[in-house]
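Colleague: I have a structure I would like to understand better, so I am pasting it below and will then ask my questions one at a time.
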Amino acid sequence: MKTRITEMFGIEHPIIQGGMHYVGFAEMAAAVSNAGGLGTITGLTLGTPEKLADEIAKCRDMTDKPFAVNLTFLPTVNAPDYPGLVRVIIEGGVKVVETAGNNPAQVLPYFKDAGVKVIHKCTSVRHSLKAQSIGCDAVSVDGFECGGHPGEDDIPNMILLPRAADELEIPFVASGGMADGRSLVAALAMGAEGMNMGTRFIATMEAPVHENVKQAIVAASELDTRLVMRPLRNTERVMTNAAVEELLEIEREKGADLAFEDIIEQVAGVYPRIMTEGDMDAGAWSCGMVAGLIDDIPTCKELIDRIMAEADAIIAERLAGLRAA
């Protein structure tokens, strides 16, 4: 299947594995890329330029296909060494970068000069248009269903994607609620050039996370995520657990007086305990409503091959049949 995204990134299938904290290591990215999609290393999980350079080299040893690096720009006092991270991405020969968080304008000239394509994650049409105006090559449009940070507008993809198609000139992919061939065909029908999946890729054989995490996703329904940090206007969709319910109770008690320090125990530094050690009640971890559509743990190749077969069948059989009728 050829789309503007497959052509731009040099990949076989219009399927991207988004950057995910403590998931996007070389093993994950290489498995997705080898299966014909675009795998992504999560830059801030590695933290330092030296560690990211090593991970890029490791991924290069595991695949000869294109892969991306996610670089999230956070409003923080102790900022990561962003210039160093940009440098090792370019020196490592990475040709696609997924940016997220704050405006990436300050790094775009360096990536442009090096021939690196930039796809920016956006949760609204206005942010997508801004990304287009500053020179991003593509955007990932994240609907309200998505795991992680869905923004504050609460617009689901059935509305957000067609709106993006109406306004954008650069290509975009659909993110949030994407899991199977139906997701891909729906995204294409609404104007996207492919889809970005996060939660679905955590529940794969190659995902370098504890088995407890994968089983929690398989066991969950679409009702098992919660929105936290809404009072701080830093909304995150996470899998419910004891720590998350405690966090929500603190939010209710504090009301408008809530400060980040009140919930730091439930949200700060918990990812290693969850993703590596499998302590499922350690704190809040990003998970999409799409968990309700996930009931197995295939290899990345099995998953992507299945998605493409389903999509082809829907287009050639169901949709073509409707037209003939």
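Note on naming: chains are A, B, ... as they come in the structure tokens, residues start from 1 per chain, ligands start from 1 in the order shown.
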Just want the 8 Å neighbourhood of stretch 172-184 of chain A, counted on only C-alpha atoms, with same-chain residues fewer than 4 positions away dropped. Output as JSON, numbers by chain.
Modeller: {"A": [5, 138, 139, 140, 141, 142, 143, 144, 145, 146, 147, 157, 161, 188, 192, 193, 194, 195, 196, 197, 200, 288, 289, 290, 293, 294, 306, 307, 308, 309, 310, 311, 312, 314]}
Colleague: Pick out the residues sitting within 12 Å of A:Arg163, and hand them over as a ChimeraX atom specification; count only C-alpha atoms, and ignore anything fewer than 2 positions along from it in its own chain.
Modeller: /A:123-126,128-129,141,143,155-161,165-168,172,174,190-192
Colleague: Would you export the selected residues with N, CA, C and O atoms as a short mmCIF file (atom, residue, chain, number, x, y, z; two decimals), in the first residue's frame, please?
Modeller:
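For reference, again.cif as written:
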```
data_model
loop_
_atom_site.label_atom_id
_atom_site.label_comp_id
_atom_site.auth_asym_id
_atom_site.auth_seq_id
_atom_site.Cartn_x
_atom_site.Cartn_y
_atom_site.Cartn_z
N THR A 123 -2.54 17.51 18.92
CA THR A 123 -3.84 17.09 19.43
C THR A 123 -4.97 18.01 18.96
O THR A 123 -6.10 17.88 19.43
N SER A 124 -4.66 18.91 18.04
CA SER A 124 -5.68 19.82 17.55
C SER A 124 -5.33 20.26 16.13
O SER A 124 -4.18 20.16 15.70
N VAL A 125 -6.32 20.78 15.44
CA VAL A 125 -6.09 21.30 14.09
C VAL A 125 -5.19 22.53 14.14
O VAL A 125 -4.29 22.69 13.31
N ARG A 126 -5.40 23.40 15.13
CA ARG A 126 -4.61 24.63 15.19
C ARG A 126 -3.13 24.32 15.42
O ARG A 126 -2.25 24.97 14.84
N SER A 128 -1.70 21.53 14.49
CA SER A 128 -1.25 20.91 13.24
C SER A 128 -0.89 21.98 12.21
O SER A 128 0.12 21.86 11.50
N LEU A 129 -1.73 23.01 12.11
CA LEU A 129 -1.45 24.10 11.17
C LEU A 129 -0.19 24.85 11.57
O LEU A 129 0.58 25.29 10.70
N VAL A 141 -1.83 13.23 14.10
CA VAL A 141 -3.01 13.86 14.71
C VAL A 141 -3.57 12.92 15.76
O VAL A 141 -4.07 11.84 15.44
N GLY A 143 -6.19 11.90 18.52
CA GLY A 143 -7.54 12.11 19.02
C GLY A 143 -7.63 11.89 20.52
O GLY A 143 -6.71 11.39 21.17
N ILE A 155 -11.47 16.25 21.53
CA ILE A 155 -12.07 15.99 20.22
C ILE A 155 -11.66 14.60 19.75
O ILE A 155 -10.47 14.34 19.56
N PRO A 156 -12.62 13.69 19.55
CA PRO A 156 -12.28 12.33 19.10
C PRO A 156 -11.95 12.32 17.61
O PRO A 156 -12.26 13.26 16.87
N ASN A 157 -11.33 11.24 17.18
CA ASN A 157 -10.80 11.17 15.82
C ASN A 157 -11.87 11.21 14.73
O ASN A 157 -11.57 11.61 13.60
N MET A 158 -13.10 10.79 15.03
CA MET A 158 -14.15 10.85 14.00
C MET A 158 -14.41 12.29 13.55
O MET A 158 -14.90 12.53 12.45
N ILE A 159 -14.06 13.24 14.39
CA ILE A 159 -14.20 14.66 14.05
C ILE A 159 -12.84 15.26 13.69
O ILE A 159 -12.70 15.99 12.71
N LEU A 160 -11.83 14.92 14.49
CA LEU A 160 -10.53 15.56 14.36
C LEU A 160 -9.84 15.25 13.02
O LEU A 160 -9.26 16.14 12.39
N LEU A 161 -9.92 14.01 12.58
CA LEU A 161 -9.24 13.63 11.34
C LEU A 161 -9.83 14.33 10.11
O LEU A 161 -9.08 14.90 9.30
N ALA A 165 -7.95 16.98 7.64
CA ALA A 165 -7.91 16.81 6.18
C ALA A 165 -8.41 18.05 5.47
O ALA A 165 -7.91 18.42 4.40
N ASP A 166 -9.38 18.72 6.06
CA ASP A 166 -9.93 19.94 5.46
C ASP A 166 -8.91 21.08 5.46
O ASP A 166 -8.94 21.95 4.58
N GLU A 167 -8.04 21.10 6.46
CA GLU A 167 -7.17 22.26 6.67
C GLU A 167 -5.72 22.08 6.22
O GLU A 167 -5.06 23.04 5.83
N LEU A 168 -5.20 20.86 6.31
CA LEU A 168 -3.77 20.66 6.11
C LEU A 168 -3.39 20.41 4.65
O LEU A 168 -4.17 19.83 3.88
N PHE A 172 -0.71 13.65 7.01
CA PHE A 172 -0.81 13.35 8.44
C PHE A 172 -1.22 11.90 8.64
O PHE A 172 -1.78 11.27 7.74
N ALA A 174 -3.13 9.16 11.56
CA ALA A 174 -4.09 9.12 12.66
C ALA A 174 -3.47 8.42 13.85
O ALA A 174 -2.85 7.37 13.71
N MET A 190 -10.83 9.01 6.22
CA MET A 190 -11.01 10.36 6.77
C MET A 190 -9.89 11.31 6.39
O MET A 190 -9.81 12.42 6.90
N GLY A 191 -9.00 10.86 5.50
CA GLY A 191 -8.00 11.77 4.96
C GLY A 191 -6.58 11.55 5.42
O GLY A 191 -5.66 12.20 4.92
N ALA A 192 -6.38 10.64 6.40
CA ALA A 192 -5.01 10.37 6.86
C ALA A 192 -4.26 9.55 5.82
O ALA A 192 -4.86 8.90 4.96
#
```
Colleague: So, counting only C-alpha atoms, which residue among A:Val94, A:Leu85, A:Ala57, A:Val209 is closest to A:Met20?
Modeller: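 Looking only at the distances to A:Met20, the closest residue turns out to be A:Val209.
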Colleague: If you take only C-alpha atoms and a cut-off of 7 Å, which residues of stretch 36-132 of chain A touch stretch 16-19 of chain A, and what are their nearest atom pairs and distances in Å to one decimal, in chain and number order, as CSV?
Modeller:
```
residue,atom,partner,partner_atom,distance
A:Gly37,CA,A:Ile16,CA,5.7
A:Leu38,CA,A:Ile16,CA,4.7
A:Gly39,CA,A:Gln17,CA,5.1
A:Thr40,CA,A:Gly19,CA,5.6
A:Ile41,CA,A:Gly19,CA,6.3
A:Thr42,CA,A:Gly19,CA,5.0
A:Asn70,CA,A:Gly19,CA,5.3
```
Colleague: Residues as selected, N, CA and C atoms, written as a CSV table (one decimal), in the first residue's frame, can you do that?
Modeller:
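What landed in result26.csv:
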```csv
chain,number,residue,atom,x,y,z
A,37,GLY,N,6.9,-1.5,8.9
A,37,GLY,CA,6.4,-0.2,9.4
A,37,GLY,C,7.5,0.7,9.7
A,38,LEU,N,7.3,1.8,10.5
A,38,LEU,CA,8.3,2.7,11.0
A,38,LEU,C,8.4,2.6,12.5
A,39,GLY,N,9.5,1.9,13.0
A,39,GLY,CA,9.8,1.8,14.4
A,39,GLY,C,10.3,3.1,14.9
A,40,THR,N,10.2,3.3,16.2
A,40,THR,CA,10.7,4.6,16.8
A,40,THR,C,11.3,4.4,18.2
A,41,ILE,N,12.6,4.9,18.3
A,41,ILE,CA,13.3,4.9,19.6
A,41,ILE,C,12.9,6.2,20.3
A,42,THR,N,12.6,6.1,21.6
A,42,THR,CA,12.2,7.2,22.4
A,42,THR,C,13.4,7.9,23.1
A,70,ASN,N,12.0,9.5,18.6
A,70,ASN,CA,11.1,10.5,19.1
A,70,ASN,C,11.9,11.5,20.0
```
Colleague: So which residues of stretch 68-291 of chain A fall under alpha helix (DSSP H) by DSSP, listed as a ChimeraX atom specification?
Modeller: /A:82-91,108-113,125-134,157-167,181-189,199-202,211-219,242-254,264-267,271
Colleague: What does the structure give for the distance between atom CA of A:His120 and atom CA of A:Thr99, in Å to one decimal?
Modeller: 4.7 Å
Colleague: Please return as a ChimeraX atom specification: the residues of stretch 95-279 of chain A that backbone DSSP assigns to strand (DSSP E).
Modeller: /A:96-101,117-122,138-142,172-175,195-197,225-228,236-239
Colleague: Using only C-alpha atoms, which residue out of A:Lys51, A:His21, A:Lys214, A:Lys254 lies closest to A:Val270?
Modeller: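 For A:Val270, the nearest of the candidates is A:His21.
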Colleague: One number please: atom CA of A:Pro104 to atom CA of A:Val69, in Å, one decimal.
Modeller: 13.8 Å
Colleague: Between atom CA of A:Gln132 and atom CA of A:Arg4, what is the distance, to one decimal in Å?
Modeller: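 Separating atom CA of A:Gln132 from atom CA of A:Arg4 is a distance of 15.3 Å.
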Colleague: Which residue gives the smallest distance to A:Asp224 among A:Ala207, A:Ala114, A:Ile264, A:Cys287, with only C-alpha atoms counted?
Modeller: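 Closest residue, counting only C-alpha atoms: A:Cys287.
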